[in-house]
$ cat run39.pdb   # PDB, N, CA and C atoms
ATOM      1  N   MET A1014     -18.114  10.122   5.570  1.00  0.00           N
ATOM      2  CA  MET A1014     -17.129   9.373   4.814  1.00  0.00           C
ATOM      3  C   MET A1014     -15.775  10.049   4.993  1.00  0.00           C
ATOM      4  N   GLU A1015     -14.764   9.232   5.262  1.00  0.00           N
ATOM      5  CA  GLU A1015     -13.408   9.746   5.410  1.00  0.00           C
ATOM      6  C   GLU A1015     -12.559   9.210   4.259  1.00  0.00           C
ATOM      7  N   ILE A1016     -12.028  10.127   3.466  1.00  0.00           N
ATOM      8  CA  ILE A1016     -11.244   9.756   2.289  1.00  0.00           C
ATOM      9  C   ILE A1016      -9.825  10.244   2.468  1.00  0.00           C
ATOM     10  N   LYS A1017      -8.867   9.353   2.189  1.00  0.00           N
ATOM     11  CA  LYS A1017      -7.462   9.733   2.259  1.00  0.00           C
ATOM     12  C   LYS A1017      -6.804   9.446   0.917  1.00  0.00           C
ATOM     13  N   VAL A1018      -6.085  10.440   0.418  1.00  0.00           N
ATOM     14  CA  VAL A1018      -5.291  10.290  -0.799  1.00  0.00           C
ATOM     15  C   VAL A1018      -3.859  10.065  -0.339  1.00  0.00           C
ATOM     16  N   LEU A1019      -3.327   8.892  -0.640  1.00  0.00           N
ATOM     17  CA  LEU A1019      -1.979   8.544  -0.230  1.00  0.00           C
ATOM     18  C   LEU A1019      -1.007   8.780  -1.368  1.00  0.00           C
ATOM     19  N   GLY A1020       0.050   9.522  -1.094  1.00  0.00           N
ATOM     20  CA  GLY A1020       1.051   9.762  -2.126  1.00  0.00           C
ATOM     21  C   GLY A1020       2.109  10.740  -1.672  1.00  0.00           C
ATOM     22  N   SER A1021       3.246  10.655  -2.328  1.00  0.00           N
ATOM     23  CA  SER A1021       4.416  11.446  -1.929  1.00  0.00           C
ATOM     24  C   SER A1021       4.346  12.918  -2.331  1.00  0.00           C
ATOM     25  N   GLY A1022       3.443  13.256  -3.208  1.00  0.00           N
ATOM     26  CA  GLY A1022       3.363  14.638  -3.685  1.00  0.00           C
ATOM     27  C   GLY A1022       3.719  14.757  -5.154  1.00  0.00           C
ATOM     28  N   CYS A1023       3.811  13.614  -5.839  1.00  0.00           N
ATOM     29  CA  CYS A1023       4.129  13.624  -7.273  1.00  0.00           C
ATOM     30  C   CYS A1023       2.925  14.138  -8.070  1.00  0.00           C
ATOM     31  N   ALA A1024       3.122  14.325  -9.354  1.00  0.00           N
ATOM     32  CA  ALA A1024       2.058  14.862 -10.213  1.00  0.00           C
ATOM     33  C   ALA A1024       0.813  13.980 -10.192  1.00  0.00           C
ATOM     34  N   LYS A1025       0.988  12.660 -10.239  1.00  0.00           N
ATOM     35  CA  LYS A1025      -0.166  11.758 -10.227  1.00  0.00           C
ATOM     36  C   LYS A1025      -0.911  11.842  -8.903  1.00  0.00           C
ATOM     37  N   CYS A1026      -0.166  12.001  -7.825  1.00  0.00           N
ATOM     38  CA  CYS A1026      -0.792  12.115  -6.502  1.00  0.00           C
ATOM     39  C   CYS A1026      -1.631  13.384  -6.414  1.00  0.00           C
ATOM     40  N   LYS A1027      -1.099  14.472  -6.926  1.00  0.00           N
ATOM     41  CA  LYS A1027      -1.828  15.741  -6.919  1.00  0.00           C
ATOM     42  C   LYS A1027      -3.064  15.667  -7.803  1.00  0.00           C
ATOM     43  N   THR A1028      -2.949  14.971  -8.932  1.00  0.00           N
ATOM     44  CA  THR A1028      -4.091  14.803  -9.832  1.00  0.00           C
ATOM     45  C   THR A1028      -5.184  13.990  -9.157  1.00  0.00           C
ATOM     46  N   LEU A1029      -4.793  12.913  -8.468  1.00  0.00           N
ATOM     47  CA  LEU A1029      -5.778  12.090  -7.767  1.00  0.00           C
ATOM     48  C   LEU A1029      -6.494  12.905  -6.699  1.00  0.00           C
ATOM     49  N   GLU A1030      -5.762  13.723  -5.968  1.00  0.00           N
ATOM     50  CA  GLU A1030      -6.389  14.561  -4.943  1.00  0.00           C
ATOM     51  C   GLU A1030      -7.398  15.510  -5.582  1.00  0.00           C
ATOM     52  N   LYS A1031      -7.036  16.125  -6.691  1.00  0.00           N
ATOM     53  CA  LYS A1031      -7.935  17.068  -7.370  1.00  0.00           C
ATOM     54  C   LYS A1031      -9.194  16.357  -7.861  1.00  0.00           C
ATOM     55  N   ILE A1032      -9.022  15.204  -8.502  1.00  0.00           N
ATOM     56  CA  ILE A1032     -10.177  14.455  -9.013  1.00  0.00           C
ATOM     57  C   ILE A1032     -11.078  14.014  -7.861  1.00  0.00           C
ATOM     58  N   THR A1033     -10.469  13.590  -6.772  1.00  0.00           N
ATOM     59  CA  THR A1033     -11.246  13.150  -5.611  1.00  0.00           C
ATOM     60  C   THR A1033     -12.061  14.302  -5.046  1.00  0.00           C
ATOM     61  N   ARG A1034     -11.427  15.446  -4.869  1.00  0.00           N
ATOM     62  CA  ARG A1034     -12.146  16.616  -4.332  1.00  0.00           C
ATOM     63  C   ARG A1034     -13.268  17.050  -5.289  1.00  0.00           C
ATOM     64  N   ASN A1035     -13.013  17.029  -6.589  1.00  0.00           N
ATOM     65  CA  ASN A1035     -14.040  17.397  -7.569  1.00  0.00           C
ATOM     66  C   ASN A1035     -15.224  16.440  -7.501  1.00  0.00           C
ATOM     67  N   ALA A1036     -14.944  15.143  -7.402  1.00  0.00           N
ATOM     68  CA  ALA A1036     -16.012  14.144  -7.345  1.00  0.00           C
ATOM     69  C   ALA A1036     -16.850  14.320  -6.080  1.00  0.00           C
ATOM     70  N   VAL A1037     -16.193  14.533  -4.951  1.00  0.00           N
ATOM     71  CA  VAL A1037     -16.913  14.734  -3.682  1.00  0.00           C
ATOM     72  C   VAL A1037     -17.821  15.958  -3.790  1.00  0.00           C
ATOM     73  N   GLU A1038     -17.292  17.027  -4.368  1.00  0.00           N
ATOM     74  CA  GLU A1038     -18.074  18.260  -4.511  1.00  0.00           C
ATOM     75  C   GLU A1038     -19.261  18.062  -5.456  1.00  0.00           C
ATOM     76  N   GLU A1039     -19.010  17.442  -6.607  1.00  0.00           N
ATOM     77  CA  GLU A1039     -20.091  17.256  -7.587  1.00  0.00           C
ATOM     78  C   GLU A1039     -21.175  16.315  -7.070  1.00  0.00           C
ATOM     79  N   LEU A1040     -20.776  15.320  -6.288  1.00  0.00           N
ATOM     80  CA  LEU A1040     -21.749  14.372  -5.736  1.00  0.00           C
ATOM     81  C   LEU A1040     -22.390  14.895  -4.448  1.00  0.00           C
ATOM     82  N   LYS A1041     -21.875  16.022  -3.955  1.00  0.00           N
ATOM     83  CA  LYS A1041     -22.367  16.618  -2.717  1.00  0.00           C
ATOM     84  C   LYS A1041     -22.320  15.614  -1.562  1.00  0.00           C
ATOM     85  N   LEU A1042     -21.197  14.920  -1.448  1.00  0.00           N
ATOM     86  CA  LEU A1042     -21.021  13.928  -0.389  1.00  0.00           C
ATOM     87  C   LEU A1042     -20.610  14.607   0.913  1.00  0.00           C
ATOM     88  N   ASN A1043     -21.046  14.027   2.002  1.00  0.00           N
ATOM     89  CA  ASN A1043     -20.614  14.474   3.320  1.00  0.00           C
ATOM     90  C   ASN A1043     -19.324  13.713   3.606  1.00  0.00           C
ATOM     91  N   ALA A1044     -18.202  14.273   3.146  1.00  0.00           N
ATOM     92  CA  ALA A1044     -16.926  13.572   3.252  1.00  0.00           C
ATOM     93  C   ALA A1044     -15.802  14.552   3.512  1.00  0.00           C
ATOM     94  N   THR A1045     -14.768  14.041   4.180  1.00  0.00           N
ATOM     95  CA  THR A1045     -13.547  14.816   4.348  1.00  0.00           C
ATOM     96  C   THR A1045     -12.484  14.164   3.475  1.00  0.00           C
ATOM     97  N   VAL A1046     -11.673  14.995   2.839  1.00  0.00           N
ATOM     98  CA  VAL A1046     -10.589  14.500   1.993  1.00  0.00           C
ATOM     99  C   VAL A1046      -9.279  14.973   2.607  1.00  0.00           C
ATOM    100  N   GLU A1047      -8.413  14.017   2.899  1.00  0.00           N
ATOM    101  CA  GLU A1047      -7.126  14.324   3.515  1.00  0.00           C
ATOM    102  C   GLU A1047      -6.008  13.791   2.618  1.00  0.00           C
ATOM    103  N   LYS A1048      -4.966  14.579   2.441  1.00  0.00           N
ATOM    104  CA  LYS A1048      -3.792  14.160   1.675  1.00  0.00           C
ATOM    105  C   LYS A1048      -2.760  13.639   2.663  1.00  0.00           C
ATOM    106  N   VAL A1049      -2.298  12.413   2.468  1.00  0.00           N
ATOM    107  CA  VAL A1049      -1.308  11.803   3.344  1.00  0.00           C
ATOM    108  C   VAL A1049      -0.020  11.615   2.562  1.00  0.00           C
ATOM    109  N   GLU A1050       1.040  12.297   2.987  1.00  0.00           N
ATOM    110  CA  GLU A1050       2.322  12.214   2.309  1.00  0.00           C
ATOM    111  C   GLU A1050       3.390  11.508   3.134  1.00  0.00           C
ATOM    112  N   ASP A1051       3.110  11.245   4.406  1.00  0.00           N
ATOM    113  CA  ASP A1051       4.063  10.582   5.292  1.00  0.00           C
ATOM    114  C   ASP A1051       4.212   9.116   4.887  1.00  0.00           C
ATOM    115  N   ILE A1052       5.408   8.727   4.462  1.00  0.00           N
ATOM    116  CA  ILE A1052       5.640   7.372   3.946  1.00  0.00           C
ATOM    117  C   ILE A1052       5.323   6.303   4.988  1.00  0.00           C
ATOM    118  N   GLN A1053       5.571   6.587   6.247  1.00  0.00           N
ATOM    119  CA  GLN A1053       5.264   5.613   7.301  1.00  0.00           C
ATOM    120  C   GLN A1053       3.758   5.368   7.398  1.00  0.00           C
ATOM    121  N   LYS A1054       2.982   6.440   7.319  1.00  0.00           N
ATOM    122  CA  LYS A1054       1.521   6.301   7.376  1.00  0.00           C
ATOM    123  C   LYS A1054       0.990   5.579   6.141  1.00  0.00           C
ATOM    124  N   ILE A1055       1.590   5.868   4.985  1.00  0.00           N
ATOM    125  CA  ILE A1055       1.178   5.196   3.746  1.00  0.00           C
ATOM    126  C   ILE A1055       1.444   3.696   3.865  1.00  0.00           C
ATOM    127  N   MET A1056       2.594   3.336   4.398  1.00  0.00           N
ATOM    128  CA  MET A1056       2.961   1.922   4.529  1.00  0.00           C
ATOM    129  C   MET A1056       2.067   1.181   5.517  1.00  0.00           C
ATOM    130  N   GLU A1057       1.480   1.895   6.474  1.00  0.00           N
ATOM    131  CA  GLU A1057       0.559   1.264   7.417  1.00  0.00           C
ATOM    132  C   GLU A1057      -0.654   0.669   6.713  1.00  0.00           C
ATOM    133  N   TYR A1058      -0.982   1.183   5.537  1.00  0.00           N
ATOM    134  CA  TYR A1058      -2.115   0.665   4.765  1.00  0.00           C
ATOM    135  C   TYR A1058      -1.700  -0.494   3.861  1.00  0.00           C
ATOM    136  N   GLY A1059      -0.413  -0.838   3.838  1.00  0.00           N
ATOM    137  CA  GLY A1059       0.062  -1.929   2.997  1.00  0.00           C
ATOM    138  C   GLY A1059       0.127  -1.559   1.527  1.00  0.00           C
ATOM    139  N   VAL A1060       0.138  -0.277   1.238  1.00  0.00           N
ATOM    140  CA  VAL A1060       0.156   0.201  -0.140  1.00  0.00           C
ATOM    141  C   VAL A1060       1.588   0.162  -0.674  1.00  0.00           C
ATOM    142  N   MET A1061       1.767  -0.482  -1.822  1.00  0.00           N
ATOM    143  CA  MET A1061       3.088  -0.572  -2.430  1.00  0.00           C
ATOM    144  C   MET A1061       3.256   0.422  -3.581  1.00  0.00           C
ATOM    145  N   PHE A1062       2.143   0.828  -4.172  1.00  0.00           N
ATOM    146  CA  PHE A1062       2.183   1.757  -5.300  1.00  0.00           C
ATOM    147  C   PHE A1062       1.291   2.952  -5.017  1.00  0.00           C
ATOM    148  N   THR A1063       1.830   4.142  -5.258  1.00  0.00           N
ATOM    149  CA  THR A1063       1.029   5.355  -5.093  1.00  0.00           C
ATOM    150  C   THR A1063       0.784   5.962  -6.466  1.00  0.00           C
ATOM    151  N   PRO A1064      -0.232   6.764  -6.604  1.00  0.00           N
ATOM    152  CA  PRO A1064      -1.160   7.184  -5.563  1.00  0.00           C
ATOM    153  C   PRO A1064      -2.130   6.070  -5.186  1.00  0.00           C
ATOM    154  N   ALA A1065      -2.718   6.226  -4.028  1.00  0.00           N
ATOM    155  CA  ALA A1065      -3.721   5.275  -3.554  1.00  0.00           C
ATOM    156  C   ALA A1065      -4.855   6.043  -2.891  1.00  0.00           C
ATOM    157  N   LEU A1066      -6.011   5.406  -2.839  1.00  0.00           N
ATOM    158  CA  LEU A1066      -7.186   6.026  -2.235  1.00  0.00           C
ATOM    159  C   LEU A1066      -7.712   5.117  -1.129  1.00  0.00           C
ATOM    160  N   VAL A1067      -7.929   5.699   0.043  1.00  0.00           N
ATOM    161  CA  VAL A1067      -8.462   4.964   1.185  1.00  0.00           C
ATOM    162  C   VAL A1067      -9.809   5.587   1.532  1.00  0.00           C
ATOM    163  N   ILE A1068     -10.835   4.746   1.606  1.00  0.00           N
ATOM    164  CA  ILE A1068     -12.180   5.208   1.953  1.00  0.00           C
ATOM    165  C   ILE A1068     -12.591   4.512   3.240  1.00  0.00           C
ATOM    166  N   ASP A1069     -12.856   5.302   4.263  1.00  0.00           N
ATOM    167  CA  ASP A1069     -13.250   4.786   5.583  1.00  0.00           C
ATOM    168  C   ASP A1069     -12.323   3.665   6.056  1.00  0.00           C
ATOM    169  N   GLY A1070     -11.016   3.883   5.899  1.00  0.00           N
ATOM    170  CA  GLY A1070     -10.021   2.952   6.417  1.00  0.00           C
ATOM    171  C   GLY A1070      -9.664   1.784   5.527  1.00  0.00           C
ATOM    172  N   LYS A1071     -10.335   1.649   4.370  1.00  0.00           N
ATOM    173  CA  LYS A1071     -10.050   0.535   3.471  1.00  0.00           C
ATOM    174  C   LYS A1071      -9.469   1.059   2.160  1.00  0.00           C
ATOM    175  N   VAL A1072      -8.428   0.394   1.675  1.00  0.00           N
ATOM    176  CA  VAL A1072      -7.803   0.800   0.416  1.00  0.00           C
ATOM    177  C   VAL A1072      -8.755   0.468  -0.727  1.00  0.00           C
ATOM    178  N   ALA A1073      -9.168   1.498  -1.471  1.00  0.00           N
ATOM    179  CA  ALA A1073     -10.074   1.306  -2.611  1.00  0.00           C
ATOM    180  C   ALA A1073      -9.292   0.902  -3.857  1.00  0.00           C
ATOM    181  N   PHE A1074      -8.116   1.515  -4.050  1.00  0.00           N
ATOM    182  CA  PHE A1074      -7.228   1.162  -5.157  1.00  0.00           C
ATOM    183  C   PHE A1074      -5.886   1.823  -4.941  1.00  0.00           C
ATOM    184  N   SER A1075      -4.889   1.347  -5.705  1.00  0.00           N
ATOM    185  CA  SER A1075      -3.572   1.974  -5.656  1.00  0.00           C
ATOM    186  C   SER A1075      -2.895   1.846  -7.012  1.00  0.00           C
ATOM    187  N   GLY A1076      -1.968   2.760  -7.247  1.00  0.00           N
ATOM    188  CA  GLY A1076      -1.169   2.720  -8.464  1.00  0.00           C
ATOM    189  C   GLY A1076      -1.824   3.240  -9.720  1.00  0.00           C
ATOM    190  N   LYS A1077      -2.914   3.991  -9.570  1.00  0.00           N
ATOM    191  CA  LYS A1077      -3.574   4.538 -10.760  1.00  0.00           C
ATOM    192  C   LYS A1077      -4.289   5.833 -10.427  1.00  0.00           C
ATOM    193  N   VAL A1078      -4.672   6.546 -11.479  1.00  0.00           N
ATOM    194  CA  VAL A1078      -5.467   7.759 -11.338  1.00  0.00           C
ATOM    195  C   VAL A1078      -6.699   7.594 -12.235  1.00  0.00           C
ATOM    196  N   PRO A1079      -7.858   7.346 -11.638  1.00  0.00           N
ATOM    197  CA  PRO A1079      -9.063   7.157 -12.449  1.00  0.00           C
ATOM    198  C   PRO A1079      -9.581   8.476 -13.011  1.00  0.00           C
ATOM    199  N   LYS A1080     -10.393   8.360 -14.029  1.00  0.00           N
ATOM    200  CA  LYS A1080     -11.083   9.532 -14.577  1.00  0.00           C
ATOM    201  C   LYS A1080     -12.169   9.950 -13.582  1.00  0.00           C
ATOM    202  N   LEU A1081     -12.663  11.170 -13.724  1.00  0.00           N
ATOM    203  CA  LEU A1081     -13.674  11.707 -12.820  1.00  0.00           C
ATOM    204  C   LEU A1081     -14.902  10.801 -12.753  1.00  0.00           C
ATOM    205  N   LYS A1082     -15.359  10.315 -13.894  1.00  0.00           N
ATOM    206  CA  LYS A1082     -16.555   9.456 -13.933  1.00  0.00           C
ATOM    207  C   LYS A1082     -16.325   8.184 -13.108  1.00  0.00           C
ATOM    208  N   GLU A1083     -15.150   7.566 -13.285  1.00  0.00           N
ATOM    209  CA  GLU A1083     -14.840   6.349 -12.534  1.00  0.00           C
ATOM    210  C   GLU A1083     -14.740   6.642 -11.037  1.00  0.00           C
ATOM    211  N   MET A1084     -14.169   7.789 -10.696  1.00  0.00           N
ATOM    212  CA  MET A1084     -14.056   8.173  -9.287  1.00  0.00           C
ATOM    213  C   MET A1084     -15.438   8.316  -8.661  1.00  0.00           C
ATOM    214  N   LYS A1085     -16.372   8.919  -9.367  1.00  0.00           N
ATOM    215  CA  LYS A1085     -17.731   9.067  -8.846  1.00  0.00           C
ATOM    216  C   LYS A1085     -18.348   7.695  -8.589  1.00  0.00           C
ATOM    217  N   GLU A1086     -18.096   6.738  -9.484  1.00  0.00           N
ATOM    218  CA  GLU A1086     -18.627   5.377  -9.300  1.00  0.00           C
ATOM    219  C   GLU A1086     -18.024   4.724  -8.063  1.00  0.00           C
ATOM    220  N   ILE A1087     -16.721   4.923  -7.869  1.00  0.00           N
ATOM    221  CA  ILE A1087     -16.044   4.348  -6.699  1.00  0.00           C
ATOM    222  C   ILE A1087     -16.617   4.942  -5.415  1.00  0.00           C
ATOM    223  N   LEU A1088     -16.830   6.234  -5.396  1.00  0.00           N
ATOM    224  CA  LEU A1088     -17.314   6.904  -4.183  1.00  0.00           C
ATOM    225  C   LEU A1088     -18.776   6.617  -3.866  1.00  0.00           C
ATOM    226  N   THR A1089     -19.556   6.213  -4.836  1.00  0.00           N
ATOM    227  CA  THR A1089     -20.981   5.973  -4.585  1.00  0.00           C
ATOM    228  C   THR A1089     -21.292   4.487  -4.359  1.00  0.00           C
ATOM    229  N   LYS A1090     -20.283   3.633  -4.377  1.00  0.00           N
ATOM    230  CA  LYS A1090     -20.519   2.206  -4.117  1.00  0.00           C
ATOM    231  C   LYS A1090     -20.615   1.941  -2.633  1.00  0.00           C
TER     232      LYS A1090
END
$ encode --input "run39.pdb" --output "structure tokens"
Amino acid sequence: MEIKVLGSGCAKCKTLEKITRNAVEELKLNATVEKVEDIQKIMEYGVMFTPALVIDGKVAFSGKVPKLKEMKEILTK
């Protein structure tokens, strides 16, 4: 699984990255987590609001920071 956290580096973006990494670790997923801060790369996904989460090339959500429990549900679907 390839996970990308899209965001400029704001507090919400950093929080999303932390929650994502925690969820991957707790679920023991075989996944890589990458932080993408380049605005051009973010726009390639059609994302208008950050932070956003991309899983295997598809935008899972944008403009919010879910709780750890919700993140685990998103990653296991």
$ closest_residue --input "run39.pdb" --among "A:Glu1057, A:Glu1047, A:Asp1069, A:Glu1030" --to "A:Met1014" --atoms "only N, CA and C atoms"
A:Asp1069
$ resolve_selection --input "run39.pdb" --expression "the PyMOL selection byres ((chain A and resi 1048) around 8)" --output "list in words"
Ile1016, Lys1017, Val1018, Leu1019, Gly1020, Glu1030, Thr1045, Val1046, Glu1047, Val1049, Glu1050 and Asp1051 of chain A
$ residues_around --input "run39.pdb" --residues "stretch 1078-1080 of chain A" --least-positions-apart "6" --cutoff "7 Å" --atoms "all atoms listed in the file" --output "PyMOL selection string"
chain A and resi 1025+1028-1029+1032+1064
$ closest_residue --input "run39.pdb" --among "A:Leu1066, A:Met1056, A:Met1061, A:Leu1042" --to "A:Cys1026" --atoms "only C-alpha atoms"
A:Leu1066
$ atom_distance --input "run39.pdb" --atom1 "atom CA of A:Gly1070" --atom2 "atom CA of A:Leu1088"
13.5 Å
$ residues_around --input "run39.pdb" --residues "A:Asn1043" --least-positions-apart "3" --cutoff "7 Å" --atoms "all atoms listed in the file" --output "NGL selection string"
:A and (1014-1015 or 1037 or 1040)
